[in-house]
Amino acid sequence: MKNRIGIWVAFSFLLFCLKSYAQPTGNEDRWYWVNTMVKIANPVLDNLSQGTLKKNMPFESLSTEPLRREVSYLEAVGRTICGIAPWLELGQDQTKEGKLRAKYIQMTLKGLKNAVNPDSPDYLMFDNRHFQPLVDAAHLVQGILRAPKQIWGNLDKETQVRLIKELKRTRGIKPKESNWLLFASMVEAALLEFTGECDTYRLNYGIHRFLEDGWYKGDAWYGDGQEFHLDFYNSIVIHPMLTDILAIMKKHNLEGGENLDKQIIRQQRLSEQLERLISPEGTYPAVGRSIVYRFGIFHALSQMSLMKRLPEKLLGEQVRCALTAVLHRQFATPNNFDKNGWLKIGLSGNQINMSESYINTGSLYMCATIFLALGLPAEDSFWTETYMEWTNMKAWKGIDVGADKALRKG
């Protein structure tokens, strides 16, 4: 009898240990996010700050375009800053994390100074020798708008002037009739915020097409132009940029800004769908183009978390735990990074044939957008609440999670 009791106590303790291990605290999750983000961002920002990005960044791609390597550097920079900016905006303090932020704030400022300095070896390409700079100028300024104090406010005047000049050079690039229209709108929204002036036609045209010309297909999904594509671009680009552009328009009392509330309702519905796509194991469907952007496909969900605009039935801690599971699962396989810490092309490991020809090493840093929620301070309930299972995990355990209803209005 005593042996049975001893075995039961030992078994119960083992279950307790396993349960505790499987359910880390919010603080532990946050540190895992911070360390993962820094591991991804460091090669880009460290090299750019030292003027060695072009020297040291590898180029992996199926593309044979002569200028594709040249535009890859702005891709890496713009996308990294787009994701890391809200965390930087929290500023430095005397905590371990605050001191780490101070390091990356300075790295980002030095890097941007190099990026727009014609005398720097890391002077980046913004002009119309290739169409790609429009895309990543937009991602870059989307990031800077997310850190108005720590990035834009701390740039020296000369760098601000040079950056504005480079942004205006992208006006020579005509966007395609697709999500690309939002890149032009995003740049103009940033110029409006930074200078008080913009090209109103380029600002408004993309917004009009998405909101007024039948590009909205229903239940939170926009077409990529008139056509509907079953991929993650609604989350990667369309919803986050529409929301950020409309927020600037509303702030400046421009016609069209009143659509922000409707857009947020749509993005909230997309957030519900994205959370439901995360399996109990932390995987998600490998469908559509640009799937090698990895967890960057959750851009729209993390943005709603950052903005504290998640729908009522989607709790922050639930999203945190689901996205943490994705992060762990994504890096459970080897070969996601090369020997120097640069991302390799793939969904889970090095799988270059899962990419498209326009994708290269720089493109992969779109994955950094999952980290937007790190812009919420450590004391926010997103991080302090205890572990919570996400929808798919509950459903596949036999828990009644309720019906999933389409957004029929808006």
# chains A, B, ... in the order shown; residues from 1 in each chain; ligands from 1
>>> residues_around(residues="A:His130", least_positions_apart="3", cutoff="9 Å", atoms="only C-alpha atoms", output="CSV table (one decimal) with all heavy atoms, in the first residue's frame")
chain,number,residue,atom,x,y,z
A,67,LEU,N,19.3,43.7,-60.1
A,67,LEU,CA,19.2,44.7,-59.0
A,67,LEU,C,18.5,44.1,-57.8
A,67,LEU,O,18.3,44.8,-56.8
A,67,LEU,CB,18.4,45.9,-59.5
A,67,LEU,CG,19.2,46.9,-60.4
A,67,LEU,CD1,18.3,48.0,-60.8
A,67,LEU,CD2,20.4,47.5,-59.6
A,68,ARG,N,18.1,42.8,-57.9
A,68,ARG,CA,17.4,42.2,-56.7
A,68,ARG,C,18.3,42.2,-55.4
A,68,ARG,O,17.8,42.5,-54.4
A,68,ARG,CB,16.9,40.8,-57.1
A,68,ARG,CG,16.1,40.2,-56.0
A,68,ARG,CD,14.8,41.0,-55.7
A,68,ARG,NE,13.8,40.9,-56.7
A,68,ARG,CZ,12.6,41.5,-56.6
A,68,ARG,NH1,12.2,42.1,-55.5
A,68,ARG,NH2,11.7,41.4,-57.6
A,71,VAL,N,18.3,45.8,-53.9
A,71,VAL,CA,17.1,46.2,-53.1
A,71,VAL,C,16.8,45.4,-51.9
A,71,VAL,O,16.0,45.8,-51.0
A,71,VAL,CB,15.8,46.2,-54.1
A,71,VAL,CG1,16.0,47.2,-55.2
A,71,VAL,CG2,15.5,44.8,-54.6
A,125,MET,N,19.0,52.0,-51.4
A,125,MET,CA,18.4,52.4,-52.7
A,125,MET,C,16.9,52.6,-52.5
A,125,MET,O,16.1,51.7,-52.1
A,125,MET,CB,18.6,51.3,-53.7
A,125,MET,CG,17.9,51.5,-55.1
A,125,MET,SD,18.3,50.1,-56.2
A,125,MET,CE,17.1,50.3,-57.5
A,126,PHE,N,16.4,53.9,-52.8
A,126,PHE,CA,15.0,54.3,-52.7
A,126,PHE,C,14.4,54.6,-54.1
A,126,PHE,O,13.2,54.9,-54.2
A,126,PHE,CB,14.9,55.5,-51.8
A,126,PHE,CG,15.0,55.1,-50.3
A,126,PHE,CD1,16.2,55.0,-49.7
A,126,PHE,CD2,13.8,55.0,-49.5
A,126,PHE,CE1,16.3,54.8,-48.3
A,126,PHE,CE2,13.9,54.7,-48.2
A,126,PHE,CZ,15.2,54.6,-47.6
A,127,ASP,N,15.2,54.8,-55.1
A,127,ASP,CA,14.8,55.4,-56.4
A,127,ASP,C,14.1,54.3,-57.3
A,127,ASP,O,14.0,53.1,-57.0
A,127,ASP,CB,15.9,56.1,-57.1
A,127,ASP,CG,17.0,55.2,-57.4
A,127,ASP,OD1,16.8,54.1,-57.9
A,127,ASP,OD2,18.2,55.7,-57.3
A,133,PRO,N,11.8,49.3,-54.0
A,133,PRO,CA,12.0,50.3,-52.9
A,133,PRO,C,10.7,50.9,-52.4
A,133,PRO,O,10.6,51.3,-51.2
A,133,PRO,CB,12.9,51.3,-53.5
A,133,PRO,CG,13.8,50.5,-54.5
A,133,PRO,CD,12.8,49.5,-55.1
A,134,LEU,N,9.7,51.0,-53.3
A,134,LEU,CA,8.4,51.6,-52.8
A,134,LEU,C,7.9,50.7,-51.7
A,134,LEU,O,7.3,51.2,-50.7
A,134,LEU,CB,7.4,51.7,-54.0
A,134,LEU,CG,6.0,52.1,-53.6
A,134,LEU,CD1,6.0,53.5,-53.0
A,134,LEU,CD2,5.1,52.1,-54.8
A,173,ILE,N,8.0,55.7,-58.6
A,173,ILE,CA,7.6,54.3,-58.8
A,173,ILE,C,6.1,54.2,-58.9
A,173,ILE,O,5.4,54.6,-57.9
A,173,ILE,CB,8.2,53.4,-57.7
A,173,ILE,CG1,9.7,53.6,-57.6
A,173,ILE,CG2,7.8,51.9,-57.9
A,173,ILE,CD1,10.3,52.9,-56.3
>>> select_by_dssp(residues="stretch 228-375 of chain A", states="alpha helix (DSSP H)", output="number ranges by chain")
A: 233, 239-251, 260-276, 299-306, 316-330
>>> write_last_selection(atoms="C-alpha atoms", output="JSON list (two decimals), in the first residue's frame")
[["chain", "number", "residue", "atom", "x", "y", "z"],
["A", 233, "TYR", "CA", -1.60, 39.28, -47.56],
["A", 239, "HIS", "CA", -5.22, 45.39, -42.91],
["A", 240, "PRO", "CA", -2.22, 46.79, -41.00],
["A", 241, "MET", "CA", -1.52, 49.44, -43.61],
["A", 242, "LEU", "CA", -5.15, 50.42, -44.08],
["A", 243, "THR", "CA", -5.49, 50.88, -40.33],
["A", 244, "ASP", "CA", -2.29, 52.90, -39.96],
["A", 245, "ILE", "CA", -2.99, 55.08, -43.00],
["A", 246, "LEU", "CA", -6.56, 55.80, -41.95],
["A", 247, "ALA", "CA", -5.37, 56.65, -38.44],
["A", 248, "ILE", "CA", -3.08, 59.34, -39.88],
["A", 249, "MET", "CA", -5.85, 60.62, -42.13],
["A", 250, "LYS", "CA", -8.25, 60.84, -39.20],
["A", 251, "LYS", "CA", -5.63, 62.58, -37.07],
["A", 260, "LEU", "CA", -11.04, 53.98, -39.54],
["A", 261, "ASP", "CA", -13.72, 52.62, -37.20],
["A", 262, "LYS", "CA", -15.15, 50.38, -39.92],
["A", 263, "GLN", "CA", -11.68, 49.16, -40.83],
["A", 264, "ILE", "CA", -10.87, 48.26, -37.24],
["A", 265, "ILE", "CA", -14.06, 46.17, -37.01],
["A", 266, "ARG", "CA", -12.94, 44.29, -40.10],
["A", 267, "GLN", "CA", -9.45, 43.78, -38.69],
["A", 268, "GLN", "CA", -10.89, 42.53, -35.43],
["A", 269, "ARG", "CA", -12.78, 39.87, -37.36],
["A", 270, "LEU", "CA", -9.62, 38.92, -39.27],
["A", 271, "SER", "CA", -7.86, 38.64, -35.90],
["A", 272, "GLU", "CA", -10.44, 36.10, -34.76],
["A", 273, "GLN", "CA", -9.84, 34.08, -37.90],
["A", 274, "LEU", "CA", -6.06, 34.22, -37.57],
["A", 275, "GLU", "CA", -6.19, 33.01, -33.97],
["A", 276, "ARG", "CA", -8.43, 30.12, -35.04],
["A", 299, "HIS", "CA", 0.95, 40.91, -38.37],
["A", 300, "ALA", "CA", -2.71, 41.97, -38.18],
["A", 301, "LEU", "CA", -3.38, 39.95, -35.02],
["A", 302, "SER", "CA", -0.36, 41.33, -33.17],
["A", 303, "GLN", "CA", -1.26, 44.85, -34.28],
["A", 304, "MET", "CA", -4.75, 44.56, -32.78],
["A", 305, "SER", "CA", -3.11, 43.30, -29.58],
["A", 306, "LEU", "CA", -0.78, 46.31, -29.54],
["A", 316, "GLY", "CA", -4.89, 39.06, -24.84],
["A", 317, "GLU", "CA", -3.40, 36.19, -22.85],
["A", 318, "GLN", "CA", -5.07, 33.74, -25.22],
["A", 319, "VAL", "CA", -3.41, 35.45, -28.18],
["A", 320, "ARG", "CA", -0.08, 35.61, -26.34],
["A", 321, "CYS", "CA", -0.10, 31.88, -25.65],
["A", 322, "ALA", "CA", -1.15, 31.01, -29.20],
["A", 323, "LEU", "CA", 1.56, 33.17, -30.78],
["A", 324, "THR", "CA", 4.15, 31.90, -28.32],
["A", 325, "ALA", "CA", 3.31, 28.36, -29.40],
["A", 326, "VAL", "CA", 3.82, 29.42, -33.03],
["A", 327, "LEU", "CA", 7.22, 30.92, -32.22],
["A", 328, "HIS", "CA", 8.34, 27.77, -30.44],
["A", 329, "ARG", "CA", 7.04, 25.50, -33.19],
["A", 330, "GLN", "CA", 8.54, 27.57, -35.99]]
>>> select_by_dssp(residues="stretch 170-287 of chain A", states="strand (DSSP E or B)", output="PyMOL selection string")
chain A and resi 216-218+221-222
>>> write_last_selection(atoms="N, CA, C and O atoms", output="mmCIF file, in the first residue's frame")
data_model
loop_
_atom_site.group_PDB
_atom_site.id
_atom_site.type_symbol
_atom_site.label_atom_id
_atom_site.label_comp_id
_atom_site.auth_asym_id
_atom_site.auth_seq_id
_atom_site.Cartn_x
_atom_site.Cartn_y
_atom_site.Cartn_z
ATOM 1 N N TYR A 216 -13.298 45.044 -51.307
ATOM 2 C CA TYR A 216 -13.668 44.340 -50.084
ATOM 3 C C TYR A 216 -14.636 43.225 -50.454
ATOM 4 O O TYR A 216 -15.687 43.460 -51.042
ATOM 5 N N LYS A 217 -14.281 41.992 -50.079
ATOM 6 C CA LYS A 217 -15.055 40.828 -50.513
ATOM 7 C C LYS A 217 -16.002 40.296 -49.441
ATOM 8 O O LYS A 217 -16.826 39.428 -49.721
ATOM 9 N N GLY A 218 -15.874 40.787 -48.214
ATOM 10 C CA GLY A 218 -16.747 40.350 -47.137
ATOM 11 C C GLY A 218 -16.024 39.539 -46.079
ATOM 12 O O GLY A 218 -14.971 38.958 -46.324
ATOM 13 N N TRP A 221 -12.266 40.121 -45.466
ATOM 14 C CA TRP A 221 -11.279 39.814 -46.504
ATOM 15 C C TRP A 221 -11.381 40.776 -47.688
ATOM 16 O O TRP A 221 -12.450 40.979 -48.246
ATOM 17 N N TYR A 222 -10.228 41.357 -48.019
ATOM 18 C CA TYR A 222 -10.094 42.201 -49.205
ATOM 19 C C TYR A 222 -9.487 41.377 -50.341
ATOM 20 O O TYR A 222 -8.706 40.448 -50.111
#
>>> closest_residue(among="A:Ala373, A:Cys82, A:Ile238, A:Leu112", to="A:Arg309", atoms="only C-alpha atoms")
A:Ala373
>>> residues_around(residues="A:Cys367", least_positions_apart="6", cutoff="9 Å", atoms="only C-alpha atoms", output="PyMOL selection string")
chain A and resi 40+79-80+83+292-299
>>> closest_residue(among="A:Leu372, A:Glu379, A:Ile359, A:Pro311", to="A:Ser63", atoms="only C-alpha atoms")
A:Ile359
>>> residues_around(residues="stretch 159-172 of chain A", least_positions_apart="6", cutoff="9 Å", atoms="only C-alpha atoms", output="ChimeraX atom specification")
/A:112-117,125-128,131,133-134,137-138,141,152,184,187-188,191,194-195,199,202
>>> atom_distance(atom1="atom CA of A:Leu62", atom2="atom CA of A:Ala368")
22.1 Å
>>> closest_residue(among="A:Ser381, A:Glu281, A:Ile352, A:Leu374", to="A:Lys394", atoms="only C-alpha atoms")
A:Glu281
>>> closest_residue(among="A:Leu254, A:Ile84, A:Met186, A:Ala41", to="A:Val135", atoms="only C-alpha atoms")
A:Met186
>>> atom_distance(atom1="atom CA of A:Ser355", atom2="atom CA of A:Ser72")
14.9 Å
>>> atom_distance(atom1="atom CA of A:Ala147", atom2="atom CA of A:Asn27")
23.0 Å
